[in-house]
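**Student:** I'd like to ask some things about the structure below.
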Amino acid sequence: MKSYRLNRLFNSASGRCFDVAIDHGFFNQPGFLTGIEDIRAAVSKAVEAGPDAIQLTVGQARHLQSIPGKQKPALVLRTDAANIYGPEVPEVRFNSIIDDAVLQGVRLDAACLCVNLFSIPGVPEVHRQCVENIMKLKPISDHYGMPMMVEPLAFQPNSKSGGYMVDGNEERITHLVRQAVELGADIIKADPTDDPSAYHRIIRVAGDIPVLVRGGGKVSDEEILTRTEAIIAQGAAGIVYGRNVIQHTNPVGITRALMAIVHQNVSASEALKLVD
């Protein structure tokens, strides 16, 4: 049954996936609500643009799933909430998974679950929590045929750049991605490398597990489109972008531009014309 749900995520022509992440409110962090203060409007705009999937939480999934018709994007359900995204590492750190995550996903008709695998310098206990979360989720997701997307995130030292700043170091990403595969991921949602031309090495260590690349912080249209073209050329199975879509002045336009790159192999320069 996992393959049936995965068929709802990946485009039948290109074999790739574009997942728009609108789950940022789960993390109780100032600035994360920019662009999604009106969640219904944000979901509506994303649906209008027609990505393959939209990533939401248990409290907001209804805004997607209540839309009638079979052509709407598939639901990717965010299953864990953390408190490590701020400019300072809190005294008590956690990454907690929702109860009965798989069954909640089944009830919400999700096509996939998403769970974190953090590597934060000086915060090993959160990495342990993530590993334990994945280990608990794996056998239940297998039992119910629910795909598990693991999100390995290698953070920079918090003292260097504040919270939620990823480290594009190829070696750190490689080892964390491999751990996610070893833990049983059905899909990987991974950081981009500093050098996009090296991304085929991340694809190699993931083996036959598809790798979707996350977008990270908001950047210019030219940068995100050029990066997307490069990583797709390196063999990525798609992208999971949040802030570069939901904080854009034209979310529909940028989504269509990214879709053209992901599914039609359009160049970044040609895709840029689709934004306006």
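Lettering and numbering for the structure tokens are positional, with chains as A, B, ... in the shown order, residues counted from 1 in each chain, and ligands counted from 1 in the shown order.
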As a list in words, please: the residues near A:Asn11 (cut-off 10 Å, only C-alpha atoms, same-chain neighbours under 4 positions excluded).
**Tutor:**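 Non-adjacent residues within range: Leu6, Asn7, Gly15, Arg16, Cys17, Phe18, Pro51, Asp52, Gly238, Val262 and His263 of chain A.
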**Student:** For those residues, write C-alpha atoms to a file as a short mmCIF file (atom, residue, chain, number, x, y, z; two decimals), in the first residue's frame.
**Tutor:**
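What landed in result03.cif:
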data_model
loop_
_atom_site.label_atom_id
_atom_site.label_comp_id
_atom_site.auth_asym_id
_atom_site.auth_seq_id
_atom_site.Cartn_x
_atom_site.Cartn_y
_atom_site.Cartn_z
CA LEU A 6 3.60 7.28 -3.14
CA ASN A 7 1.89 7.28 -6.53
CA GLY A 15 8.52 10.83 -11.63
CA ARG A 16 9.29 13.83 -9.41
CA CYS A 17 7.51 15.70 -6.62
CA PHE A 18 7.07 19.32 -5.56
CA PRO A 51 1.92 21.41 -6.73
CA ASP A 52 2.07 17.67 -6.17
CA GLY A 238 12.01 16.79 -6.33
CA VAL A 262 10.90 20.02 -11.70
CA HIS A 263 8.52 18.37 -14.17
#
**Student:** Of the residues A:Leu176, A:Ala101, A:Val126, A:Ala46, which is the one nearest to A:Asn83, using only C-alpha atoms?
**Tutor:**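 Among the listed residues, the smallest separation from A:Asn83 belongs to A:Val126.
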**Student:** If you take only C-alpha atoms and a cut-off of 10 Å, which residues of stretch 186-224 of chain A touch stretch 19-23 of chain A, and what are their nearest atom pairs and distances in Å to one decimal, in chain and number order, as JSON lines?
**Tutor:**
{"residue": "A:Leu212", "atom": "CA", "partner": "A:Asp19", "partner_atom": "CA", "distance": 8.7}
{"residue": "A:Val213", "atom": "CA", "partner": "A:Asp19", "partner_atom": "CA", "distance": 9.8}
{"residue": "A:Arg214", "atom": "CA", "partner": "A:Ala21", "partner_atom": "CA", "distance": 9.3}
{"residue": "A:Gly215", "atom": "CA", "partner": "A:Ala21", "partner_atom": "CA", "distance": 9.7}
**Student:** Out of stretch 104-247 of chain A, which residues get alpha helix (DSSP H) from DSSP, as a PyMOL selection string?
**Tutor:** chain A and resi 104-107+124-144+158-161+170-182+199-206+221-233+243-246
**Student:** So what do you get for atom CA of A:Val275 versus atom CA of A:Asp195, distance-wise?
**Tutor:** 25.2 Å
**Student:** I'd like the neighbourhood of A:Ile261 as an NGL selection string, where a residue qualifies if any of its atoms comes within 8 Å (using only C-alpha atoms), though same-chain residues fewer than 2 positions away should be ignored.
**Tutor:** :A and (225 or 228-229 or 232 or 257-259 or 263-268 or 271)
**Student:** With N, CA, C and O atoms retained, export the selected residues as a compact mmCIF listing (two decimals), in the first residue's frame.
**Tutor:**
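What landed in out.txt:
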# COMPACT_ATOMS: atom_id res chain seq x y z
N LEU A 225 15.56 29.49 -8.29
CA LEU A 225 15.31 28.79 -9.55
C LEU A 225 16.59 28.16 -10.09
O LEU A 225 16.58 27.02 -10.58
N THR A 228 17.43 25.15 -8.01
CA THR A 228 16.52 24.04 -8.31
C THR A 228 16.91 23.36 -9.60
O THR A 228 16.94 22.12 -9.68
N GLU A 229 17.22 24.13 -10.63
CA GLU A 229 17.66 23.54 -11.90
C GLU A 229 18.89 22.66 -11.69
O GLU A 229 18.98 21.55 -12.23
N ILE A 232 18.06 19.33 -9.62
CA ILE A 232 17.29 18.39 -10.43
C ILE A 232 18.22 17.70 -11.43
O ILE A 232 18.13 16.49 -11.65
N ALA A 257 6.59 28.35 -11.78
CA ALA A 257 7.95 28.38 -12.31
C ALA A 257 8.76 27.18 -11.82
O ALA A 257 9.47 26.52 -12.59
N LEU A 258 8.64 26.88 -10.53
CA LEU A 258 9.35 25.74 -9.97
C LEU A 258 8.83 24.42 -10.53
O LEU A 258 9.60 23.49 -10.79
N MET A 259 7.53 24.34 -10.72
CA MET A 259 6.94 23.13 -11.32
C MET A 259 7.48 22.90 -12.72
O MET A 259 7.72 21.76 -13.14
N HIS A 263 9.24 19.35 -13.36
CA HIS A 263 8.52 18.37 -14.17
C HIS A 263 8.79 18.45 -15.67
O HIS A 263 8.60 17.47 -16.39
N GLN A 264 9.22 19.62 -16.14
CA GLN A 264 9.42 19.78 -17.58
C GLN A 264 10.87 20.08 -17.96
O GLN A 264 11.17 20.30 -19.13
N ASN A 265 11.76 20.10 -16.97
CA ASN A 265 13.18 20.37 -17.20
C ASN A 265 13.42 21.72 -17.88
O ASN A 265 14.36 21.87 -18.66
N VAL A 266 12.54 22.68 -17.59
CA VAL A 266 12.70 24.03 -18.12
C VAL A 266 13.90 24.69 -17.42
O VAL A 266 14.16 24.45 -16.24
N SER A 267 14.64 25.52 -18.12
CA SER A 267 15.78 26.19 -17.54
C SER A 267 15.32 27.25 -16.54
O SER A 267 14.18 27.74 -16.59
N ALA A 268 16.23 27.65 -15.66
CA ALA A 268 15.89 28.66 -14.66
C ALA A 268 15.53 29.98 -15.33
O ALA A 268 14.61 30.68 -14.90
N ALA A 271 12.07 29.65 -16.70
CA ALA A 271 11.09 29.55 -15.62
C ALA A 271 10.84 30.91 -14.98
O ALA A 271 9.72 31.20 -14.54
**Student:** Could you work out how far atom CA of A:Ser66 lies from atom CA of A:Ala41, giving the answer in Å with one decimal?
**Tutor:**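 Atom-to-atom, atom CA of A:Ala41 and atom CA of A:Ser66 are spaced 13.6 Å apart.
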**Student:** Please return as JSON, numbers by chain: the residues of stretch 50-274 of chain A that backbone DSSP assigns to strand (DSSP E).
**Tutor:** {"A": [53, 54, 55, 56, 74, 75, 76, 77, 78, 80, 81, 82, 95, 96, 97, 112, 113, 114, 115, 116, 117, 118, 119, 148, 149, 150, 151, 152, 153, 154, 187, 188, 189, 190, 211, 212, 213, 214, 238, 239, 240, 241]}
